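entry_34.cif follows (mmCIF, C-alpha atoms, pLDDT in the B column; chains and numbers go by the auth columns):
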```cif
data_target
loop_
_atom_site.group_PDB
_atom_site.id
_atom_site.type_symbol
_atom_site.label_atom_id
_atom_site.label_comp_id
_atom_site.label_asym_id
_atom_site.label_seq_id
_atom_site.Cartn_x
_atom_site.Cartn_y
_atom_site.Cartn_z
_atom_site.B_iso_or_equiv
_atom_site.auth_seq_id
_atom_site.auth_asym_id
ATOM 1 C CA MET A 1 -11.254 48.240 -35.982 70.00 1 A
ATOM 2 C CA ASN A 2 -11.497 47.828 -39.763 80.00 2 A
ATOM 3 C CA LYS A 3 -12.949 50.563 -41.988 85.00 3 A
ATOM 4 C CA TYR A 4 -14.452 49.955 -45.421 83.00 4 A
ATOM 5 C CA GLN A 5 -16.246 52.002 -48.044 84.00 5 A
ATOM 6 C CA TYR A 6 -18.911 50.256 -50.106 79.00 6 A
ATOM 7 C CA LYS A 7 -21.092 51.386 -52.972 79.00 7 A
ATOM 8 C CA VAL A 8 -24.324 49.403 -53.316 76.00 8 A
ATOM 9 C CA GLN A 9 -26.595 50.307 -56.240 75.00 9 A
ATOM 10 C CA GLY A 10 -25.088 53.798 -56.389 76.00 10 A
ATOM 11 C CA VAL A 11 -25.324 54.495 -52.623 79.00 11 A
ATOM 12 C CA ASP A 12 -22.081 54.996 -50.660 80.00 12 A
ATOM 13 C CA TYR A 13 -21.699 53.327 -47.249 80.00 13 A
ATOM 14 C CA ASP A 14 -18.897 53.848 -44.695 84.00 14 A
ATOM 15 C CA VAL A 15 -18.650 50.643 -42.657 83.00 15 A
ATOM 16 C CA GLU A 16 -16.551 50.149 -39.537 86.00 16 A
ATOM 17 C CA ILE A 17 -16.271 46.689 -38.009 84.00 17 A
ATOM 18 C CA GLU A 18 -15.645 47.461 -34.340 86.00 18 A
ATOM 19 C CA GLU A 19 -15.331 43.913 -33.018 84.00 19 A
ATOM 20 C CA VAL A 20 -16.369 40.335 -33.679 83.00 20 A
ATOM 21 C CA GLU A 21 -17.153 37.982 -30.794 83.00 21 A
ATOM 22 C CA GLY A 22 -18.308 34.518 -31.815 80.00 22 A
ATOM 23 C CA ASN A 23 -21.128 35.071 -34.270 79.00 23 A
ATOM 24 C CA ILE A 24 -21.936 38.688 -33.288 82.00 24 A
ATOM 25 C CA ALA A 25 -20.240 41.550 -35.119 81.00 25 A
ATOM 26 C CA LYS A 26 -20.526 45.120 -33.846 86.00 26 A
ATOM 27 C CA VAL A 27 -20.567 47.359 -36.915 83.00 27 A
ATOM 28 C CA ASN A 28 -21.115 51.023 -37.605 85.00 28 A
ATOM 29 C CA VAL A 29 -22.746 51.883 -40.973 82.00 29 A
ATOM 30 C CA ASN A 30 -22.805 55.595 -41.895 79.00 30 A
ATOM 31 C CA GLY A 31 -22.731 56.485 -38.191 81.00 31 A
ATOM 32 C CA ILE A 32 -25.454 54.022 -37.121 81.00 32 A
ATOM 33 C CA ARG A 33 -24.419 51.144 -34.862 84.00 33 A
ATOM 34 C CA PHE A 34 -25.670 47.601 -35.508 81.00 34 A
ATOM 35 C CA ASP A 35 -25.129 44.249 -33.839 83.00 35 A
ATOM 36 C CA VAL A 36 -25.030 41.803 -36.728 80.00 36 A
ATOM 37 C CA GLU A 37 -25.534 38.094 -36.131 79.00 37 A
ATOM 38 C CA LEU A 38 -23.504 35.973 -38.484 75.00 38 A
ATOM 39 C CA LYS A 39 -24.869 32.608 -39.593 72.00 39 A
ATOM 40 C CA GLN A 40 -21.457 31.005 -39.058 60.00 40 A
ATOM 41 C CA PRO A 41 -18.666 32.329 -36.823 52.00 41 A
ATOM 42 C CA ILE A 42 -15.802 33.746 -38.828 55.00 42 A
ATOM 43 C CA ASN A 43 -12.111 33.516 -38.105 59.00 43 A
ATOM 44 C CA PRO A 44 -10.988 37.096 -37.269 56.00 44 A
ATOM 45 C CA THR A 45 -7.502 36.343 -38.579 56.00 45 A
ATOM 46 C CA SER A 46 -8.787 35.287 -42.008 55.00 46 A
ATOM 47 C CA SER A 47 -8.645 37.837 -44.790 56.00 47 A
ATOM 48 C CA LEU A 48 -11.795 39.163 -46.403 57.00 48 A
ATOM 49 C CA LYS A 49 -12.283 38.358 -50.049 57.00 49 A
ATOM 50 C CA LYS A 50 -13.387 40.983 -52.532 57.00 50 A
ATOM 51 C CA VAL A 51 -16.661 40.088 -54.185 57.00 51 A
ATOM 52 C CA HIS A 52 -17.900 41.843 -57.297 57.00 52 A
ATOM 53 C CA ILE A 53 -21.674 42.217 -57.431 56.00 53 A
ATOM 54 C CA GLU A 54 -23.212 43.399 -60.659 58.00 54 A
ATOM 55 C CA THR A 55 -26.387 45.399 -60.754 58.00 55 A
ATOM 56 C CA PRO A 56 -29.190 43.381 -62.361 61.00 56 A
ATOM 57 C CA LYS A 57 -29.804 44.369 -65.952 61.00 57 A
ATOM 58 C CA PRO A 58 -33.351 45.085 -67.115 65.00 58 A
ATOM 59 C CA VAL A 59 -34.881 42.396 -69.267 59.00 59 A
ATOM 60 C CA ALA A 60 -36.754 43.460 -72.372 60.00 60 A
ATOM 61 C CA ARG A 61 -40.249 42.079 -72.369 60.00 61 A
ATOM 62 C CA PRO A 62 -42.460 41.955 -75.410 63.00 62 A
ATOM 63 C CA VAL A 63 -45.259 44.502 -75.443 63.00 63 A
ATOM 64 C CA VAL A 64 -48.590 42.735 -75.398 63.00 64 A
ATOM 65 C CA ALA A 65 -51.747 44.691 -75.972 61.00 65 A
ATOM 66 C CA PRO A 66 -54.343 43.926 -73.302 62.00 66 A
ATOM 67 C CA ALA A 67 -57.315 41.955 -74.491 59.00 67 A
ATOM 68 C CA ALA A 68 -60.540 43.907 -74.591 56.00 68 A
ATOM 69 C CA ALA A 69 -62.609 43.027 -71.550 51.00 69 A
ATOM 70 C CA PRO A 70 -66.240 42.114 -72.059 49.00 70 A
ATOM 71 C CA ALA A 71 -68.604 44.936 -71.172 48.00 71 A
ATOM 72 C CA ALA A 72 -69.995 42.973 -68.209 45.00 72 A
ATOM 73 C CA ASP A 73 -66.532 42.788 -66.547 43.00 73 A
ATOM 74 C CA LYS A 74 -65.906 46.539 -66.646 42.00 74 A
ATOM 75 C CA PRO A 75 -66.380 48.286 -63.325 42.00 75 A
ATOM 76 C CA MET A 76 -69.392 50.520 -63.357 45.00 76 A
ATOM 77 C CA ALA A 77 -69.499 54.152 -62.366 51.00 77 A
ATOM 78 C CA ALA A 78 -70.756 54.867 -58.887 55.00 78 A
ATOM 79 C CA GLY A 79 -74.540 54.757 -58.808 64.00 79 A
ATOM 80 C CA THR A 80 -77.030 56.552 -56.649 78.00 80 A
ATOM 81 C CA GLY A 81 -77.212 55.593 -53.024 86.00 81 A
ATOM 82 C CA SER A 82 -74.870 55.112 -50.087 91.00 82 A
ATOM 83 C CA PRO A 83 -71.269 54.096 -50.807 92.00 83 A
ATOM 84 C CA VAL A 84 -69.657 50.985 -49.327 92.00 84 A
ATOM 85 C CA LYS A 85 -65.997 51.936 -48.850 92.00 85 A
ATOM 86 C CA ALA A 86 -62.867 49.839 -48.316 92.00 86 A
ATOM 87 C CA PRO A 87 -61.964 49.946 -44.614 91.00 87 A
ATOM 88 C CA LEU A 88 -58.299 49.191 -45.444 89.00 88 A
ATOM 89 C CA PRO A 89 -56.151 48.652 -48.539 90.00 89 A
ATOM 90 C CA GLY A 90 -56.250 45.202 -50.090 92.00 90 A
ATOM 91 C CA THR A 91 -57.313 43.005 -52.997 94.00 91 A
ATOM 92 C CA ILE A 92 -60.876 42.095 -53.934 94.00 92 A
ATOM 93 C CA ASN A 93 -61.085 38.293 -53.624 94.00 93 A
ATOM 94 C CA GLU A 94 -64.784 37.691 -54.148 94.00 94 A
ATOM 95 C CA LEU A 95 -67.893 39.685 -54.994 94.00 95 A
ATOM 96 C CA LYS A 96 -70.889 38.229 -53.144 95.00 96 A
ATOM 97 C CA VAL A 97 -73.580 40.383 -54.811 95.00 97 A
ATOM 98 C CA ASN A 98 -74.506 41.714 -58.241 94.00 98 A
ATOM 99 C CA VAL A 99 -76.078 44.975 -59.380 93.00 99 A
ATOM 100 C CA GLY A 100 -79.801 44.757 -58.663 93.00 100 A
ATOM 101 C CA ASP A 101 -79.456 42.388 -55.675 94.00 101 A
ATOM 102 C CA LYS A 102 -81.311 43.350 -52.519 95.00 102 A
ATOM 103 C CA VAL A 103 -79.146 43.462 -49.369 95.00 103 A
ATOM 104 C CA ASN A 104 -79.822 43.918 -45.670 95.00 104 A
ATOM 105 C CA VAL A 105 -77.669 45.506 -42.989 93.00 105 A
ATOM 106 C CA GLY A 106 -74.912 43.009 -42.083 93.00 106 A
ATOM 107 C CA ASP A 107 -75.029 41.018 -45.346 94.00 107 A
ATOM 108 C CA VAL A 108 -71.540 40.158 -46.652 94.00 108 A
ATOM 109 C CA VAL A 109 -71.213 41.953 -49.999 95.00 109 A
ATOM 110 C CA LEU A 110 -67.577 41.131 -50.823 94.00 110 A
ATOM 111 C CA VAL A 111 -64.363 39.596 -49.476 95.00 111 A
ATOM 112 C CA LEU A 112 -61.279 41.824 -49.246 93.00 112 A
ATOM 113 C CA GLU A 113 -57.847 40.279 -48.686 92.00 113 A
ATOM 114 C CA ALA A 114 -55.574 42.500 -46.630 87.00 114 A
ATOM 115 C CA MET A 115 -52.327 41.474 -44.947 85.00 115 A
ATOM 116 C CA LYS A 116 -52.935 37.816 -45.882 86.00 116 A
ATOM 117 C CA MET A 117 -56.333 37.808 -44.136 90.00 117 A
ATOM 118 C CA GLN A 118 -59.783 37.430 -45.653 93.00 118 A
ATOM 119 C CA ASN A 119 -62.060 40.261 -44.504 92.00 119 A
ATOM 120 C CA ASN A 120 -65.808 40.004 -45.020 94.00 120 A
ATOM 121 C CA ILE A 121 -67.115 43.443 -45.957 93.00 121 A
ATOM 122 C CA GLU A 122 -70.678 43.816 -44.731 93.00 122 A
ATOM 123 C CA SER A 123 -73.357 46.194 -45.903 92.00 123 A
ATOM 124 C CA GLU A 124 -74.084 49.046 -43.530 91.00 124 A
ATOM 125 C CA TYR A 125 -77.263 49.806 -45.472 91.00 125 A
ATOM 126 C CA GLU A 126 -80.468 48.104 -46.529 94.00 126 A
ATOM 127 C CA GLY A 127 -81.457 48.444 -50.157 94.00 127 A
ATOM 128 C CA THR A 128 -80.554 47.449 -53.690 94.00 128 A
ATOM 129 C CA VAL A 129 -77.022 47.328 -55.101 93.00 129 A
ATOM 130 C CA THR A 130 -77.021 50.160 -57.663 93.00 130 A
ATOM 131 C CA SER A 131 -73.405 49.851 -58.807 92.00 131 A
ATOM 132 C CA ILE A 132 -70.234 47.848 -58.264 92.00 132 A
ATOM 133 C CA THR A 133 -67.081 49.861 -58.954 92.00 133 A
ATOM 134 C CA VAL A 134 -64.511 47.070 -58.467 93.00 134 A
ATOM 135 C CA LYS A 135 -63.859 43.642 -59.898 93.00 135 A
ATOM 136 C CA GLN A 136 -62.313 40.460 -58.541 93.00 136 A
ATOM 137 C CA GLY A 137 -58.510 40.613 -58.320 93.00 137 A
ATOM 138 C CA GLU A 138 -58.393 44.414 -58.273 93.00 138 A
ATOM 139 C CA SER A 139 -56.301 46.216 -55.646 91.00 139 A
ATOM 140 C CA VAL A 140 -58.025 49.008 -53.743 91.00 140 A
ATOM 141 C CA MET A 141 -56.869 51.696 -51.350 91.00 141 A
ATOM 142 C CA GLU A 142 -58.459 52.511 -47.999 88.00 142 A
ATOM 143 C CA GLY A 143 -61.580 54.624 -48.510 89.00 143 A
ATOM 144 C CA ALA A 144 -62.129 53.559 -52.124 91.00 144 A
ATOM 145 C CA VAL A 145 -65.794 53.190 -53.068 92.00 145 A
ATOM 146 C CA LEU A 146 -66.449 49.496 -53.681 93.00 146 A
ATOM 147 C CA MET A 147 -70.166 49.690 -54.486 93.00 147 A
ATOM 148 C CA THR A 148 -73.267 51.757 -53.826 94.00 148 A
ATOM 149 C CA ILE A 149 -76.480 50.635 -52.227 92.00 149 A
ATOM 150 C CA GLY A 150 -79.632 52.677 -52.811 89.00 150 A
#
```
What is this structure when it is put down as structure tokens?
Amino acid sequence: MNKYQYKVQGVDYDVEIEEVEGNIAKVNVNGIRFDVELKQPINPTSSLKKVHIETPKPVARPVVAPAAAPAADKPMAAGTGSPVKAPLPGTINELKVNVGDKVNVGDVVLVLEAMKMQNNIESEYEGTVTSITVKQGESVMEGAVLMTIG
């Protein structure tokens, strides 16, 4: 059994290699046992080489002031009516309606990408879109108001 102490990005690890059979190593890391599959079998009689890994250094990026968005692209404040809320966190891929559009129950009002899937968000209300509080490409959390229908 070989014992090692490692420091990875400021965190200390006590590692014990209990045994190596073929390409499976039984290791204990800070008291937690793991079976580690090696991509290539290693020769247990070979010596381990010390590898120095440097922590990545931050790269200075130029500060760029954001361009002023046209007034039409700014999300609007929630209007009067019933809110359409995000059923899960994701990214707005496509808005299917505009403020002032009439919608019926079941009409797709926007497409929300979540977990690499496109989700059609349907209106639960009949009425007129009174406000849209998101824009395409914006990330939203579950329960966020996407638009209101009055």
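By chain and then residue number, the residues within 10 Å of Tyr125 in chain A are A:Gly81, A:Ser82, A:Pro83, A:Val84, A:Val103, A:Asn104, A:Val105, A:Gly106, A:Asp107, A:Glu122, A:Ser123, A:Gly127, A:Thr128, A:Val129, A:Thr148, A:Ile149, A:Gly150, counting all atoms listed in the file and disregarding those fewer than 2 positions away in sequence.
Counting only C-alpha atoms and comparing A:Glu126, A:Lys39, A:Val8, A:Asn2, the residue that lies closest to Val27 in chain A is A:Asn2.
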Quick one: apply the PyMOL selection byres ((chain A and resi 110) around 6) to the file and drop the selected residues here as number ranges by chain. A: 94-96, 108-109, 111, 121
6 Å per side around range 127-139 of chain A: axis-aligned box centre and edge lengths, as lines of an AutoDock Vina configuration file:
```
center_x = -68.9
center_y = 45.3
center_z = -55.0
size_x = 37.2
size_y = 21.7
size_z = 21.7
```
Check which residues satisfy the PyMOL selection byres ((chain A and resi 85) around 8) in the file shown, then give them as a VMD selection string. chain A and resid 83 to 84 86 to 87 142 to 147
Please produce an output containing C-alpha atoms for each residue in the selection, written as a PDB file, in the frame of the given file.
```pdb
ATOM      1  CA  PRO A  83     -71.269  54.096 -50.807  1.00 92.00           C
ATOM      2  CA  VAL A  84     -69.657  50.985 -49.327  1.00 92.00           C
ATOM      3  CA  ALA A  86     -62.867  49.839 -48.316  1.00 92.00           C
ATOM      4  CA  PRO A  87     -61.964  49.946 -44.614  1.00 91.00           C
ATOM      5  CA  GLU A 142     -58.459  52.511 -47.999  1.00 88.00           C
ATOM      6  CA  GLY A 143     -61.580  54.624 -48.510  1.00 89.00           C
ATOM      7  CA  ALA A 144     -62.129  53.559 -52.124  1.00 91.00           C
ATOM      8  CA  VAL A 145     -65.794  53.190 -53.068  1.00 92.00           C
ATOM      9  CA  LEU A 146     -66.449  49.496 -53.681  1.00 93.00           C
ATOM     10  CA  MET A 147     -70.166  49.690 -54.486  1.00 93.00           C
TER      11      MET A 147
END
```
Could you state which residues are captured by the PyMOL selection byres ((chain A and resi 37) around 10) in this file, as a PyMOL selection string? chain A and resi 20-26+34-36+38-41
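If all atoms listed in the file are the atoms counted, then among A:Met115, A:Val134, A:Val29, A:Ile17 the closest residue to Leu88 in chain A is A:Met115.
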In Å and to one decimal, CA of Thr80 in chain A is distant from CA of Val97 in chain A by 16.6 Å
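Counting from CA of Gly137 in chain A, the distance to CA of Asn93 in chain A is 5.8 Å.
Separating CA of Lys102 in chain A from CA of Met117 in chain A is a distance of 26.9 Å.
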Env of Glu113 in chain A: 6 Å cut, atoms = all atoms listed in the file, seq-sep filter 3 positions within chain, self excluded. Answer as an NGL selection string. :A and (90-91 or 117-119)
